[in-house]
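This is work.cif (mmCIF, C-alpha atoms and all ligand atoms).
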```cif
data_start
#
loop_
_atom_site.label_atom_id
_atom_site.label_comp_id
_atom_site.auth_asym_id
_atom_site.auth_seq_id
_atom_site.Cartn_x
_atom_site.Cartn_y
_atom_site.Cartn_z
CA MET F 1395 0.00 0.00 0.00
CA SER F 1396 1.44 3.40 -0.96
CA PRO F 1397 1.93 5.84 1.91
CA LEU F 1398 -0.66 8.59 2.30
CA ALA F 1399 0.21 11.81 0.52
CA THR F 1400 1.21 14.57 2.93
CA PRO F 1401 0.23 16.98 4.30
CA TYR F 1402 -2.59 15.56 6.40
CA TYR F 1403 -4.12 15.96 9.82
CA LEU F 1404 -4.20 12.54 11.45
CA ILE F 1405 -6.85 12.12 14.15
CA ASP F 1406 -6.39 9.10 16.41
CA GLU F 1407 -9.68 7.83 17.81
CA ASN F 1408 -7.99 5.88 20.59
CA ARG F 1409 -6.41 9.08 21.91
CA LEU F 1410 -9.68 10.90 21.53
CA LYS F 1411 -11.44 8.17 23.47
CA LYS F 1412 -9.12 8.73 26.46
CA ASN F 1413 -10.38 12.33 26.70
CA MET F 1414 -13.96 11.15 26.20
CA GLU F 1415 -13.63 8.72 29.10
CA ILE F 1416 -12.49 11.53 31.39
CA ILE F 1417 -15.46 13.64 30.29
CA GLN F 1418 -17.75 10.73 31.05
CA HIS F 1419 -16.15 10.31 34.46
CA VAL F 1420 -16.73 14.01 35.23
CA ARG F 1421 -20.34 13.61 34.17
CA GLU F 1422 -20.84 10.65 36.48
CA ALA F 1423 -18.94 12.05 39.45
CA SER F 1424 -20.25 15.64 39.35
CA GLY F 1425 -23.49 15.52 37.36
CA ALA F 1426 -22.10 18.22 35.01
CA ARG F 1427 -22.96 17.70 31.36
CA SER F 1428 -20.42 18.47 28.65
CA VAL F 1429 -21.21 19.96 25.27
CA LEU F 1430 -18.48 20.12 22.63
CA ALA F 1431 -17.42 23.65 21.61
CA LEU F 1432 -17.55 23.39 17.83
CA LYS F 1433 -15.48 26.55 17.40
CA CYS F 1434 -12.51 24.48 18.53
CA PHE F 1435 -13.19 21.27 16.69
CA SER F 1436 -15.82 20.57 14.04
CA THR F 1437 -14.45 17.51 12.30
CA TRP F 1438 -17.67 15.60 12.16
CA SER F 1439 -16.17 12.34 10.95
CA VAL F 1440 -15.38 11.46 14.57
CA PHE F 1441 -18.66 12.73 16.08
CA GLU F 1442 -20.11 9.24 16.15
CA LEU F 1443 -17.49 8.33 18.75
CA MET F 1444 -17.67 11.63 20.64
CA SER F 1445 -21.45 11.69 20.87
CA GLN F 1446 -21.38 8.47 22.88
CA TYR F 1447 -19.63 10.33 25.68
CA MET F 1448 -20.81 13.94 25.42
CA ASP F 1449 -24.20 15.58 25.79
CA GLY F 1450 -24.22 17.62 22.59
CA THR F 1451 -22.57 20.69 21.15
CA THR F 1452 -22.31 24.43 21.66
CA SER F 1453 -21.99 26.84 18.79
CA SER F 1454 -21.09 30.39 17.86
CA THR F 1455 -23.15 30.81 14.68
CA VAL F 1456 -26.11 29.37 12.82
CA TYR F 1457 -23.83 27.14 10.75
CA GLU F 1458 -22.20 25.61 13.80
CA ALA F 1459 -25.58 25.06 15.45
CA ARG F 1460 -26.82 23.34 12.30
CA LEU F 1461 -23.70 21.21 12.15
CA GLY F 1462 -24.18 20.16 15.76
CA TYR F 1463 -27.82 19.34 15.10
CA GLU F 1464 -27.19 17.38 11.91
CA LYS F 1465 -23.95 15.61 12.70
CA PHE F 1466 -23.71 15.29 16.49
CA GLY F 1467 -27.29 15.28 17.73
CA LYS F 1468 -28.33 15.48 21.38
CA GLU F 1469 -28.38 18.97 22.91
CA VAL F 1470 -27.55 22.02 20.79
CA HIS F 1471 -26.57 25.16 22.69
CA ALA F 1472 -26.71 28.15 20.36
CA TYR F 1473 -24.73 31.08 21.68
CA SER F 1474 -23.64 33.96 19.49
CA VAL F 1475 -21.89 37.23 20.28
CA VAL F 1476 -24.58 38.85 18.18
CA TYR F 1477 -27.60 37.66 16.19
CA SER F 1478 -29.66 39.24 13.46
CA ALA F 1479 -33.42 38.64 13.67
CA SER F 1480 -33.36 36.14 10.82
CA GLU F 1481 -30.48 34.25 12.45
CA VAL F 1482 -32.43 33.86 15.69
CA GLU F 1483 -35.33 32.38 13.71
CA GLU F 1484 -33.00 30.08 11.82
CA VAL F 1485 -30.98 28.96 14.82
CA SER F 1486 -34.16 28.20 16.76
CA GLN F 1487 -34.85 25.35 14.34
CA PHE F 1488 -31.71 23.54 15.49
CA ALA F 1489 -31.15 24.70 19.06
CA THR F 1490 -32.32 23.25 22.34
CA LYS F 1491 -31.09 26.43 24.07
CA VAL F 1492 -30.55 29.89 22.63
CA ILE F 1493 -28.10 31.98 24.63
CA PHE F 1494 -27.95 35.73 24.11
CA ASN F 1495 -24.86 37.83 24.74
CA SER F 1496 -26.54 41.04 25.87
CA VAL F 1497 -29.67 42.32 27.51
CA SER F 1498 -30.52 44.29 24.37
CA GLN F 1499 -30.38 41.16 22.18
CA LEU F 1500 -32.42 39.22 24.74
CA LYS F 1501 -35.15 41.85 24.81
CA MET F 1502 -35.12 42.32 21.05
CA PHE F 1503 -35.33 38.67 20.08
CA LYS F 1504 -36.74 36.55 22.88
CA HIS F 1505 -40.16 36.46 21.19
CA LEU F 1506 -38.54 34.82 18.13
CA VAL F 1507 -37.33 31.86 20.18
CA GLN F 1508 -40.27 29.51 20.24
CA GLY F 1509 -40.40 26.67 22.73
CA LYS F 1510 -36.65 26.63 23.48
CA LYS F 1511 -34.81 27.40 26.64
CA ILE F 1512 -33.32 30.88 26.72
CA GLY F 1513 -30.05 31.80 28.37
CA LEU F 1514 -27.93 34.89 28.86
CA ARG F 1515 -24.17 35.18 28.93
CA VAL F 1516 -22.84 36.89 32.03
CA ASN F 1517 -19.38 38.40 32.32
CA PRO F 1518 -18.40 37.68 35.93
CA GLY F 1519 -15.52 40.17 35.79
CA ILE F 1520 -13.00 37.48 36.66
CA SER F 1521 -11.07 35.28 34.29
CA CYS F 1522 -8.03 33.10 33.88
CA SER F 1523 -6.25 33.42 30.55
CA HIS F 1524 -2.59 33.59 29.63
CA TYR F 1525 -3.45 35.77 26.65
CA ASP F 1526 -5.16 39.16 26.64
CA LEU F 1527 -6.52 38.32 23.19
CA ALA F 1528 -8.50 35.40 24.62
CA ASP F 1529 -9.40 36.94 27.97
CA PRO F 1530 -13.23 37.08 28.16
CA ALA F 1531 -13.11 39.57 31.05
CA ARG F 1532 -10.49 41.89 29.57
CA ARG F 1533 -11.09 45.64 29.79
CA CYS F 1534 -14.05 46.79 27.73
CA SER F 1535 -14.99 43.19 26.92
CA ARG F 1536 -18.18 42.88 24.88
CA LEU F 1537 -18.63 39.27 25.97
CA GLY F 1538 -21.58 38.92 28.32
CA VAL F 1539 -23.59 41.15 30.64
CA ASN F 1540 -21.40 42.86 33.21
CA ASN F 1541 -23.92 45.29 34.66
CA ARG F 1542 -25.55 43.79 37.71
CA ASP F 1543 -28.69 45.94 37.65
CA GLU F 1544 -29.30 45.15 33.99
CA LEU F 1545 -29.01 41.46 34.81
CA SER F 1546 -31.42 41.61 37.77
CA ASP F 1547 -34.02 43.30 35.57
CA VAL F 1548 -34.18 40.43 33.06
CA VAL F 1549 -33.46 37.42 35.21
CA ASN F 1550 -37.08 36.28 34.98
CA LEU F 1551 -36.80 36.06 31.17
CA VAL F 1552 -34.18 33.30 31.15
CA SER F 1553 -33.79 29.79 32.52
CA GLY F 1554 -30.02 29.74 32.43
CA MET F 1555 -26.81 31.75 32.50
CA MET F 1556 -23.51 31.10 30.76
CA PHE F 1557 -20.18 32.14 32.27
CA HIS F 1558 -17.21 31.51 29.97
CA PHE F 1559 -14.24 32.91 31.82
CA ASN F 1560 -11.24 30.64 31.25
CA CYS F 1561 -8.63 29.89 28.61
CA GLU F 1562 -6.26 26.95 29.07
CA ASN F 1563 -6.74 27.07 32.84
CA ASP F 1564 -5.15 24.00 34.44
CA ASP F 1565 -5.17 25.33 38.01
CA VAL F 1566 -7.91 23.57 39.97
CA ASP F 1567 -7.56 25.91 42.97
CA ASN F 1568 -8.24 28.83 40.70
CA ILE F 1569 -11.34 27.15 39.26
CA ILE F 1570 -12.65 26.26 42.70
CA SER F 1571 -12.23 29.78 44.02
CA SER F 1572 -13.72 31.33 40.86
CA ILE F 1573 -16.75 29.07 41.02
CA SER F 1574 -17.27 29.95 44.65
CA LEU F 1575 -16.97 33.66 43.87
CA ILE F 1576 -19.52 33.35 41.08
CA GLY F 1577 -21.79 31.49 43.50
CA SER F 1578 -21.68 34.17 46.14
CA ARG F 1579 -21.82 37.09 43.70
CA TYR F 1580 -24.83 35.78 41.76
CA ALA F 1581 -26.56 33.74 44.48
CA GLU F 1582 -29.92 35.46 44.02
CA GLU F 1583 -30.00 34.96 40.26
CA LEU F 1584 -28.62 31.44 40.42
CA LYS F 1585 -31.41 30.26 42.69
CA ARG F 1586 -33.87 31.19 39.95
CA MET F 1587 -32.04 29.31 37.20
CA GLU F 1588 -32.54 25.76 35.94
CA TRP F 1589 -29.11 25.48 34.35
CA ILE F 1590 -25.83 27.30 34.12
CA SER F 1591 -22.75 26.84 31.99
CA PHE F 1592 -19.17 27.38 33.10
CA GLY F 1593 -18.01 27.54 29.47
CA GLY F 1594 -14.78 26.12 28.17
CA GLY F 1595 -11.10 26.75 28.74
CA ILE F 1596 -10.71 24.34 31.66
CA SER F 1597 -7.89 21.83 31.06
CA PHE F 1598 -9.45 19.02 33.04
CA THR F 1599 -8.37 16.22 30.68
CA LYS F 1600 -4.70 17.05 31.23
CA PRO F 1601 -2.72 14.16 32.78
CA GLY F 1602 -2.65 14.50 36.57
CA TYR F 1603 -5.52 16.98 36.79
CA PRO F 1604 -7.17 16.58 40.24
CA LEU F 1605 -10.52 15.42 38.92
CA ASP F 1606 -11.91 14.49 42.34
CA ARG F 1607 -11.57 18.07 43.62
CA PHE F 1608 -12.95 19.49 40.40
CA CYS F 1609 -15.96 17.17 40.44
CA ARG F 1610 -16.65 17.83 44.11
CA ALA F 1611 -16.71 21.62 43.50
CA LEU F 1612 -19.10 21.21 40.56
CA LYS F 1613 -21.39 18.87 42.48
CA ASP F 1614 -21.49 21.17 45.54
CA PHE F 1615 -22.29 24.17 43.38
CA SER F 1616 -25.03 22.32 41.55
CA GLU F 1617 -26.60 21.17 44.83
CA ASN F 1618 -26.28 24.56 46.55
CA TYR F 1619 -28.08 26.45 43.81
CA GLY F 1620 -30.24 23.65 42.40
CA VAL F 1621 -28.87 24.05 38.87
CA GLN F 1622 -27.81 21.67 36.13
CA ILE F 1623 -24.20 22.54 35.30
CA TYR F 1624 -22.82 22.41 31.78
CA LEU F 1625 -19.20 22.51 30.69
CA GLU F 1626 -18.27 23.49 27.15
CA PRO F 1627 -14.94 21.78 26.51
CA GLY F 1628 -13.28 22.49 23.21
CA GLU F 1629 -9.56 21.98 23.64
CA ALA F 1630 -10.03 19.66 26.64
CA ALA F 1631 -12.15 17.30 24.54
CA ILE F 1632 -9.64 16.83 21.74
CA THR F 1633 -6.27 17.64 23.28
CA GLY F 1634 -3.45 15.38 22.13
CA SER F 1635 -5.61 13.53 19.62
CA ALA F 1636 -4.16 14.65 16.28
CA GLU F 1637 -0.91 15.28 14.43
CA LEU F 1638 -0.14 17.26 11.29
CA VAL F 1639 1.93 14.94 9.10
CA THR F 1640 4.26 16.72 6.69
CA THR F 1641 7.19 16.00 4.39
CA VAL F 1642 10.44 17.97 4.14
CA LEU F 1643 10.66 19.53 0.66
CA ASP F 1644 13.90 21.48 1.02
CA ILE F 1645 16.70 22.22 3.47
CA VAL F 1646 18.22 25.69 3.40
CA HIS F 1647 20.83 27.29 5.63
CA ASN F 1648 20.88 30.80 7.06
CA GLU F 1649 22.77 30.73 10.37
CA VAL F 1650 20.78 27.58 11.17
CA ASP F 1651 19.57 24.56 9.19
CA ILE F 1652 16.00 25.13 8.09
CA ALA F 1653 13.73 22.33 6.91
CA ILE F 1654 10.87 23.61 4.76
CA VAL F 1655 7.89 21.27 4.88
CA ASP F 1656 4.82 20.91 2.65
CA ALA F 1657 2.47 22.59 5.17
CA SER F 1658 2.18 26.08 6.60
CA VAL F 1659 1.72 27.53 10.05
CA GLU F 1660 -0.18 30.47 8.61
CA ALA F 1661 -2.59 28.29 6.62
CA HIS F 1662 -2.86 25.17 8.78
CA LEU F 1663 -2.00 26.01 12.40
CA LEU F 1664 -2.92 29.68 12.47
CA ASP F 1665 -3.29 30.00 16.24
CA HIS F 1666 0.43 29.46 16.73
CA LEU F 1667 1.06 32.64 14.75
CA ILE F 1668 -1.70 34.56 16.49
CA TYR F 1669 -0.55 33.61 19.99
CA ARG F 1670 3.17 33.43 19.09
CA THR F 1671 3.54 29.88 20.36
CA SER F 1672 5.39 26.90 18.91
CA PRO F 1673 3.87 23.46 18.43
CA GLY F 1674 5.69 20.31 19.51
CA VAL F 1675 7.21 17.78 17.11
CA SER F 1676 6.21 14.17 17.69
CA TYR F 1677 8.41 12.72 14.92
CA PRO F 1678 11.39 12.60 14.66
CA GLY F 1679 11.96 12.28 18.40
CA LYS F 1680 13.98 14.65 20.54
CA GLY F 1681 17.76 14.68 20.05
CA THR F 1682 20.79 16.82 19.54
CA ASN F 1683 20.43 17.87 15.89
CA PRO F 1684 19.22 21.46 15.77
CA PHE F 1685 16.69 22.30 13.07
CA MET F 1686 14.32 25.11 12.39
CA ILE F 1687 11.14 23.72 10.84
CA ALA F 1688 9.38 26.18 8.59
CA GLY F 1689 6.24 26.39 6.52
CA ARG F 1690 5.96 26.80 2.76
CA SER F 1691 3.97 30.03 2.53
CA CYS F 1692 5.63 33.31 1.56
CA LEU F 1693 5.20 34.79 5.04
CA ALA F 1694 8.68 35.37 6.51
CA GLY F 1695 7.50 34.28 9.94
CA ASP F 1696 5.83 31.07 8.75
CA VAL F 1697 7.97 29.04 11.15
CA PHE F 1698 6.81 26.10 13.31
CA GLY F 1699 9.79 26.46 15.65
CA SER F 1700 13.34 25.41 16.45
CA TYR F 1701 13.91 21.89 17.71
CA GLY F 1702 16.64 19.44 18.71
CA LEU F 1703 15.91 16.25 16.74
CA GLU F 1704 17.23 12.71 16.94
CA THR F 1705 17.92 12.58 13.20
CA VAL F 1706 19.47 14.94 10.69
CA LEU F 1707 16.58 15.92 8.46
CA LYS F 1708 16.85 15.50 4.71
CA VAL F 1709 14.52 16.07 1.79
CA GLY F 1710 11.74 13.46 1.75
CA ASP F 1711 11.73 12.88 5.53
CA GLN F 1712 8.47 12.93 7.41
CA VAL F 1713 7.93 15.49 10.19
CA ARG F 1714 4.94 15.19 12.47
CA ILE F 1715 3.68 18.22 14.37
CA SER F 1716 1.92 17.20 17.58
CA ASP F 1717 -1.37 18.19 19.18
CA THR F 1718 -3.02 19.69 16.12
CA ALA F 1719 -6.72 18.99 16.63
CA GLY F 1720 -7.95 22.18 18.33
CA TYR F 1721 -8.44 25.50 16.52
CA THR F 1722 -6.59 24.14 13.47
CA MET F 1723 -8.91 22.40 11.00
CA VAL F 1724 -11.62 24.97 11.82
CA LYS F 1725 -9.23 27.80 10.91
CA LYS F 1726 -7.38 26.41 7.89
CA ASN F 1727 -7.33 28.70 4.91
CA TRP F 1728 -6.20 28.92 1.32
CA PHE F 1729 -3.46 31.54 1.82
CA ASN F 1730 -0.98 31.35 -1.08
CA GLY F 1731 -3.10 28.54 -2.56
CA VAL F 1732 -1.08 26.17 -0.40
CA HIS F 1733 -2.37 22.63 -0.72
CA MET F 1734 -4.78 22.01 2.13
CA PRO F 1735 -3.97 18.98 4.32
CA SER F 1736 -6.33 16.03 3.99
CA ILE F 1737 -8.14 14.81 7.07
CA VAL F 1738 -7.30 11.24 8.01
CA VAL F 1739 -8.74 9.25 10.91
CA ARG F 1740 -7.15 6.25 12.60
CA ARG F 1741 -10.25 4.43 13.81
CA LEU F 1742 -10.52 2.64 17.15
CA GLY F 1743 -9.79 -0.70 15.50
CA GLY F 1744 -6.64 0.63 13.76
CA THR F 1745 -7.90 1.13 10.20
CA VAL F 1746 -6.76 4.39 8.65
CA GLU F 1747 -9.35 6.29 6.62
CA THR F 1748 -8.91 9.45 4.55
CA VAL F 1749 -12.19 11.18 5.33
CA ARG F 1750 -11.58 14.32 3.29
CA SER F 1751 -9.07 15.53 0.75
CA PHE F 1752 -9.00 18.89 -0.97
CA SER F 1753 -8.31 19.83 -4.56
CA TYR F 1754 -7.92 22.80 -6.87
CA GLU F 1755 -11.72 22.76 -7.22
CA ASP F 1756 -12.11 23.48 -3.50
CA TYR F 1757 -9.65 26.33 -3.82
CA ILE F 1758 -11.39 28.06 -6.73
CA ASN F 1759 -14.80 27.42 -5.22
CA SER F 1760 -13.78 29.30 -2.10
CA LEU F 1761 -13.41 32.43 -4.27
CA SER F 1762 -15.00 33.85 -7.34
C1 LIG T 1 -18.31 30.51 25.01
C2 LIG T 1 -17.21 29.52 24.82
N1 LIG T 1 -17.39 28.24 25.20
C3 LIG T 1 -16.43 27.31 25.05
C4 LIG T 1 -15.21 27.64 24.48
C5 LIG T 1 -14.19 26.55 24.30
O1 LIG T 1 -13.00 26.86 24.95
P1 LIG T 1 -11.78 25.82 24.98
O2 LIG T 1 -11.57 25.32 23.60
O3 LIG T 1 -10.64 26.63 25.47
O4 LIG T 1 -12.19 24.74 25.93
C6 LIG T 1 -14.97 28.96 24.09
C7 LIG T 1 -13.68 29.36 23.50
O5 LIG T 1 -13.42 30.47 23.17
C8 LIG T 1 -16.00 29.94 24.25
O6 LIG T 1 -15.83 31.21 23.85
#
```
Let me see whether you can do it: turn the structure in this file into C-alpha cells.
Amino acid sequence: MSPLATPYYLIDENRLKKNMEIIQHVREASGARSVLALKCFSTWSVFELMSQYMDGTTSSTVYEARLGYEKFGKEVHAYSVVYSASEVEEVSQFATKVIFNSVSQLKMFKHLVQGKKIGLRVNPGISCSHYDLADPARRCSRLGVNNRDELSDVVNLVSGMMFHFNCENDDVDNIISSISLIGSRYAEELKRMEWISFGGGISFTKPGYPLDRFCRALKDFSENYGVQIYLEPGEAAITGSAELVTTVLDIVHNEVDIAIVDASVEAHLLDHLIYRTSPGVSYPGKGTNPFMIAGRSCLAGDVFGSYGLETVLKVGDQVRISDTAGYTMVKKNWFNGVHMPSIVVRRLGGTVETVRSFSYEDYINSLS
C-alpha cells in the first residue's frame, strides 16, 4: 500500500477516546454535562465516537448550530456574540437552548425563540487566561452582561446563564475559588435558574488533573443552587488527539539549518502565529540535531519552531507536528493557494481512513 500523501491531519480515535472517558467520568462524578465547543473542533467524521460520551454541542453561529444538530445530535446550545433577527429564527430550528450575549439582544429577540430554553451570557468580571486576546473579562470586553442591575431586571426572562471565563486554565484551585466567587456574587439569580454553563477553557483532561476536587466543587455548586451545570470543553475534549503529518521539501541554511515542509503555520495552524507559540514535534523524536522547521507560505515568519531532533533531516523525511486537533482544521485557509492537508482518521480498530481531501476545485470554489 502506498503511503498517504502529505500533508494531512491525522486524528487518532484511541487518543480521543481517552479524553472522552475523562469527560464521562466528570459527568458521572459531578453531574455536570459536557457539550463540545464546535469553534474548537468541528471535524464531524469522529462525532459518532464523541457523541457516545458527550451531551451535545455548543456553537457560535447558525452554521455551527446546524452542524451540531445534523452531525452530532443530542443537545444544541446556540450562543452567538450577536444575532440578526433572521439568524435567531433560523438557529431556533436547530437549538435546544438559545443563549444571548446582551440584555438588548435578549429583549429584542426573545419572542422569536419559540419553545426553546433561553439563556444569557454573564461576564463575571474574573477570568483566567494567559493571553489578553482570549481573555473574556479583559477591559471593555463585549462578551456577556457585566452590569448587575441590567441582569437583575431580566433574570425572569431566562432559565439559564452562561459564564465563559477561562482559557487553558489548568489550576484547579483557581477554578474552585472562581466558582465559589460566582456562587456568592450571583446567588440570588442562580437560585432562579434551571441550568448554568461554566463555558470552556478548563484543562481538566490534562494528565494528573485533580478530577476528584474538580468534580466535588461542581457537584457542591449544583446542589447549593439547584442548577444543572454544563461545561463546554473544546480543547479539553480533543487535546493530544491529532498530528499534522508533513514531508520535508527542502533544506536551506541561514545561520541555522531550516527544513521547509509541505504545510504552513499560517494556513494550517494559524493560532500558533496569532498567539506566538510553537507546536511540539512528535516525529522525529527529541535529540541533539538542531533544526528550524518552517512552513511553505511566503510569510517570513511562517515558522513552526526550532527543535533538537534525533535525526538529521533531509529532503523526503516525514515530520509530524503534535497536538493539532484544536483551533486548526476549523481555521485552515487557502493563503498562497497552499495545498490544504487532507483529514485522516485512525479508527478505534486501527484502520486508517482518509475522510476528506481537498483539490484545486475546492480552492477556486472558495473564491469567485
Ligand atoms: C463561550 C465559549 N465556550 C467554550 C469555548 C471553548 O473553549 P476551549 O476550547 O478553550 O475549551 C470557548 C472558547 O473560546 C467559548 O468562547
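With only C-alpha atoms and all ligand atoms as the basis for measurement, F:Cys1434 is the residue among F:Val1738, F:Val1639, F:Ala1581, F:Cys1434 that approaches ligand LIG 1 (chain T) most closely.
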Kindly indicate which residue among F:Thr1641, F:Ser1597, F:Ser1574, F:Ser1635 lies nearest to ligand LIG 1 (chain T), using only C-alpha atoms and all ligand atoms for the distances. F:Ser1597
Taking all atoms listed in the file into account, produce a table as JSON lines in which each residue of chain F with an atom at most 6 Å from an atom of ligand LIG 1 (chain T) appears once, together with its shortest atom pair and the distance in Å to one decimal, ordered by chain and rising number.
```
{"residue": "F:Ala1431", "atom": "CA", "partner": "T:LIG1", "partner_atom": "C5", "distance": 5.1}
{"residue": "F:Cys1434", "atom": "CA", "partner": "T:LIG1", "partner_atom": "O2", "distance": 5.2}
{"residue": "F:His1558", "atom": "CA", "partner": "T:LIG1", "partner_atom": "C1", "distance": 5.2}
{"residue": "F:Cys1561", "atom": "CA", "partner": "T:LIG1", "partner_atom": "O3", "distance": 5.0}
{"residue": "F:Glu1562", "atom": "CA", "partner": "T:LIG1", "partner_atom": "O3", "distance": 5.7}
{"residue": "F:Gly1593", "atom": "CA", "partner": "T:LIG1", "partner_atom": "N1", "distance": 4.4}
{"residue": "F:Gly1594", "atom": "CA", "partner": "T:LIG1", "partner_atom": "O4", "distance": 3.7}
{"residue": "F:Gly1595", "atom": "CA", "partner": "T:LIG1", "partner_atom": "O3", "distance": 3.3}
{"residue": "F:Ile1596", "atom": "CA", "partner": "T:LIG1", "partner_atom": "O4", "distance": 5.9}
{"residue": "F:Glu1626", "atom": "CA", "partner": "T:LIG1", "partner_atom": "C3", "distance": 4.7}
{"residue": "F:Pro1627", "atom": "CA", "partner": "T:LIG1", "partner_atom": "O4", "distance": 4.1}
{"residue": "F:Gly1628", "atom": "CA", "partner": "T:LIG1", "partner_atom": "O2", "distance": 3.3}
{"residue": "F:Glu1629", "atom": "CA", "partner": "T:LIG1", "partner_atom": "O2", "distance": 3.9}
{"residue": "F:Ala1630", "atom": "CA", "partner": "T:LIG1", "partner_atom": "O4", "distance": 5.6}
```
Nearby residues (only C-alpha atoms) at most 9 Å from Val1482 (chain F), same-chain spacing under 6 positions excluded, as number ranges by chain: F: 1456, 1492, 1503-1504, 1506-1507
Show which residues sit within 8 Å of region 1438-1454 of chain F, as a ChimeraX atom specification. Count all atoms listed in the file, and ignore same-chain residues fewer than 3 positions away. /F:1407,1411,1414-1415,1417-1418,1427-1433,1458-1459,1462,1465-1475,1626,1739,1749
Keeping only C-alpha atoms, write the selected residues as a CSV table (one decimal), in the coordinates of the input.
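And here is the file that came out, out.csv:
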```csv
chain,number,residue,atom,x,y,z
F,1407,GLU,CA,-9.7,7.8,17.8
F,1411,LYS,CA,-11.4,8.2,23.5
F,1414,MET,CA,-14.0,11.2,26.2
F,1415,GLU,CA,-13.6,8.7,29.1
F,1417,ILE,CA,-15.5,13.6,30.3
F,1418,GLN,CA,-17.8,10.7,31.0
F,1427,ARG,CA,-23.0,17.7,31.4
F,1428,SER,CA,-20.4,18.5,28.6
F,1429,VAL,CA,-21.2,20.0,25.3
F,1430,LEU,CA,-18.5,20.1,22.6
F,1431,ALA,CA,-17.4,23.6,21.6
F,1432,LEU,CA,-17.6,23.4,17.8
F,1433,LYS,CA,-15.5,26.6,17.4
F,1458,GLU,CA,-22.2,25.6,13.8
F,1459,ALA,CA,-25.6,25.1,15.4
F,1462,GLY,CA,-24.2,20.2,15.8
F,1465,LYS,CA,-24.0,15.6,12.7
F,1466,PHE,CA,-23.7,15.3,16.5
F,1467,GLY,CA,-27.3,15.3,17.7
F,1468,LYS,CA,-28.3,15.5,21.4
F,1469,GLU,CA,-28.4,19.0,22.9
F,1470,VAL,CA,-27.6,22.0,20.8
F,1471,HIS,CA,-26.6,25.2,22.7
F,1472,ALA,CA,-26.7,28.2,20.4
F,1473,TYR,CA,-24.7,31.1,21.7
F,1474,SER,CA,-23.6,34.0,19.5
F,1475,VAL,CA,-21.9,37.2,20.3
F,1626,GLU,CA,-18.3,23.5,27.2
F,1739,VAL,CA,-8.7,9.2,10.9
F,1749,VAL,CA,-12.2,11.2,5.3
```
Quick one: residues within 9 Å of region 1689-1706 of chain F, only C-alpha atoms, excluding same-chain residues fewer than 4 positions away - as a ChimeraX atom specification? /F:1643,1652-1661,1663,1666-1667,1671-1675,1677-1685,1715,1729-1732
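Residue nearest Val1709 (chain F), chosen from F:Val1646, F:Asp1567, F:Leu1514, F:Ile1623 and counting all atoms listed in the file: F:Val1646.
In this comparison, which uses all atoms listed in the file, the residue of F:Pro1401, F:Val1476, F:Asp1526, F:Tyr1624 approaching Val1713 (chain F) most closely is F:Pro1401.
Nearest residue to Ser1571 (chain F) among F:Leu1545, F:Leu1612, F:Met1502, F:Leu1625 is F:Leu1612, counting all atoms listed in the file.
Candidate residues F:Val1516, F:Val1650, F:Ile1570, F:Ile1687 were compared for distance to Arg1607 (chain F), and the nearest is F:Ile1570, using only C-alpha atoms.
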Do a neighbour search on Leu1742 (chain F) at 8 Å with all atoms listed in the file, toss out local chain neighbours closer than 3 positions, and write the hits as a PDB file with C-alpha atoms, in the coordinates of the input.
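Written output follows (part.pdb):
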```
ATOM      1  CA  ASP F1406      -6.390   9.100  16.410  1.00  0.00           C
ATOM      2  CA  GLU F1407      -9.680   7.830  17.810  1.00  0.00           C
ATOM      3  CA  ASN F1408      -7.990   5.880  20.590  1.00  0.00           C
ATOM      4  CA  THR F1745      -7.900   1.130  10.200  1.00  0.00           C
TER       5      THR F1745
END
```
Point-to-point distance from CA of Gly1538 (chain F) to CA of Glu1464 (chain F), Å rounded to tenths: 27.7 Å
Report as a PyMOL selection string all protein, DNA and RNA residues lying within 8 Å of Gln1622 (chain F), evaluated on only C-alpha atoms, omitting residues in the same chain fewer than 4 positions from it. chain F and resi 1425-1427+1588-1590+1616
